[in-house]
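Here's the structure, in structure tokens; my notes come after.
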Amino acid sequence: MPRSPLLFPLLLLLLPPLAPGFGLRGTGDRRPECGPCRPERCPAPAHCPAPWIAARDECGCCMRCLGADGASCGGRAGARCGPGLVCASRAAGTAPEGTGLCVCAQRGAVCGSDGRSYPSVCALRLRARHALRAHLGHLHKARDGPCEFAPVVVIPPRSVHNATGAQVYLSCEVRAVPSPVITWRKVTQSPEGTQVLEDLPGDHVNIAVQVRGGPSDHETTAWILISPLRKEDEGVYQCHSANMLGEAQSRSTVTVTEPSRYQAPRLPALEGRL
């Protein structure tokens, strides 16, 4: 007669529990290699770079530091990363084999409730933990992406002095979020004596303007090139930047000199040289 398909599972229920040496253990049991916990044998606690990020080891006995963002992890020591961080492998040859780097599982800059931008939400949480210890209030993420702010001129253009026919350029570095619109203008005076701003390059065939991002995050650099330099190019130049939150400007002066037309008279050729 064929055996019932339910017979084998019923027999398993009637068998006595397996011996501990069989290799099966409950989820709440300690690891076999851990042994009994003896806190007095734990190594002296190291000075953690972030003391408020610590946890017990894999055996649940001794306290150990957890790596902050950018700290080494893995390797023979089995260093672990703090909450919200993952151990990412490094490029071969840049570190000991098996060693990684703690990086935030959630990439991208965030804006904190303190108005500061953080490279990641992990960096914000780390700062928040420190803020709680210092009683600075509850710091939290305000939104994804860096905090927005009005333009600030980081490096203003320098005034230059050169002769006609030369090549000169002015540069202006601005920091802002969102990225600003930067324009170059020449400041002149109308016949009535009022200030006039002329957008460049305009009709000037010897003037070129270029704008690009960088050199640092949230910075924009703008250049104006004048070549060849003419006497009428002399004057005040303005670097103007603006976004939805505000505007900023800075000025510099271009001074132009013309080569001297005076030439020393030539001496007449000596006659009757000895």
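Quick note on naming: the chains in the structure tokens go A, B, ... in the order shown, residues restart at 1 in each chain, and ligands are numbered from 1 in order of appearance.
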Run DSSP on the backbone and tell me which residues of stretch 68-253 of chain A come out as strand (DSSP E); list them as a PyMOL selection string.
chain A and resi 72-74+85-89+99-104+110-112+117-118+141-144+149-155+160-163+168-177+181-189+195-199+207-213+219-226+235-243+246-253
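Straight-line separation from atom CA of A:Cys73 to atom CA of A:Asp57: 13.9 Å.
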A:Thr99 proximity check over A:Ala79, A:Cys59, A:Leu139, A:Leu225, using only C-alpha atoms: winner is A:Ala79
For each of A:Leu229, A:Leu197, A:Met244, A:Val110, take the minimum atom-to-atom distance to A:Thr183, counting only C-alpha atoms, then give the residue where this is smallest.
A:Leu197
Which residues come within 9 Å of A:Thr257, counting only C-alpha atoms, excluding same-chain residues fewer than 3 positions away, as a list in words?
His161, Asn162, Ala163, Thr164, Arg230, Lys231, Glu234 and Ser260 of chain A
If you keep C-alpha atoms, can you produce a file of those selected residues as a PDB file, in the first residue's frame?
```
ATOM      1  CA  HIS A 161      46.359  98.259 -16.278  1.00  0.00           C
ATOM      2  CA  ASN A 162      47.704  97.553 -19.754  1.00  0.00           C
ATOM      3  CA  ALA A 163      48.563  99.099 -23.102  1.00  0.00           C
ATOM      4  CA  THR A 164      46.474  99.176 -26.244  1.00  0.00           C
ATOM      5  CA  ARG A 230      41.540  99.598 -27.155  1.00  0.00           C
ATOM      6  CA  LYS A 231      41.578 103.017 -25.537  1.00  0.00           C
ATOM      7  CA  GLU A 234      38.953 101.884 -20.481  1.00  0.00           C
ATOM      8  CA  SER A 260      54.457 106.693 -26.546  1.00  0.00           C
TER       9      SER A 260
END
```
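The smallest atom-to-atom distance between A:Met63 and any of A:Arg76, A:Arg127, A:Arg41, A:His240, using only C-alpha atoms, is found for A:Arg41.
Distances here use only C-alpha atoms; by that measure, the residue among A:Glu192, A:Glu258, A:Glu173, A:Glu58 closest to A:Pro151 is A:Glu173.
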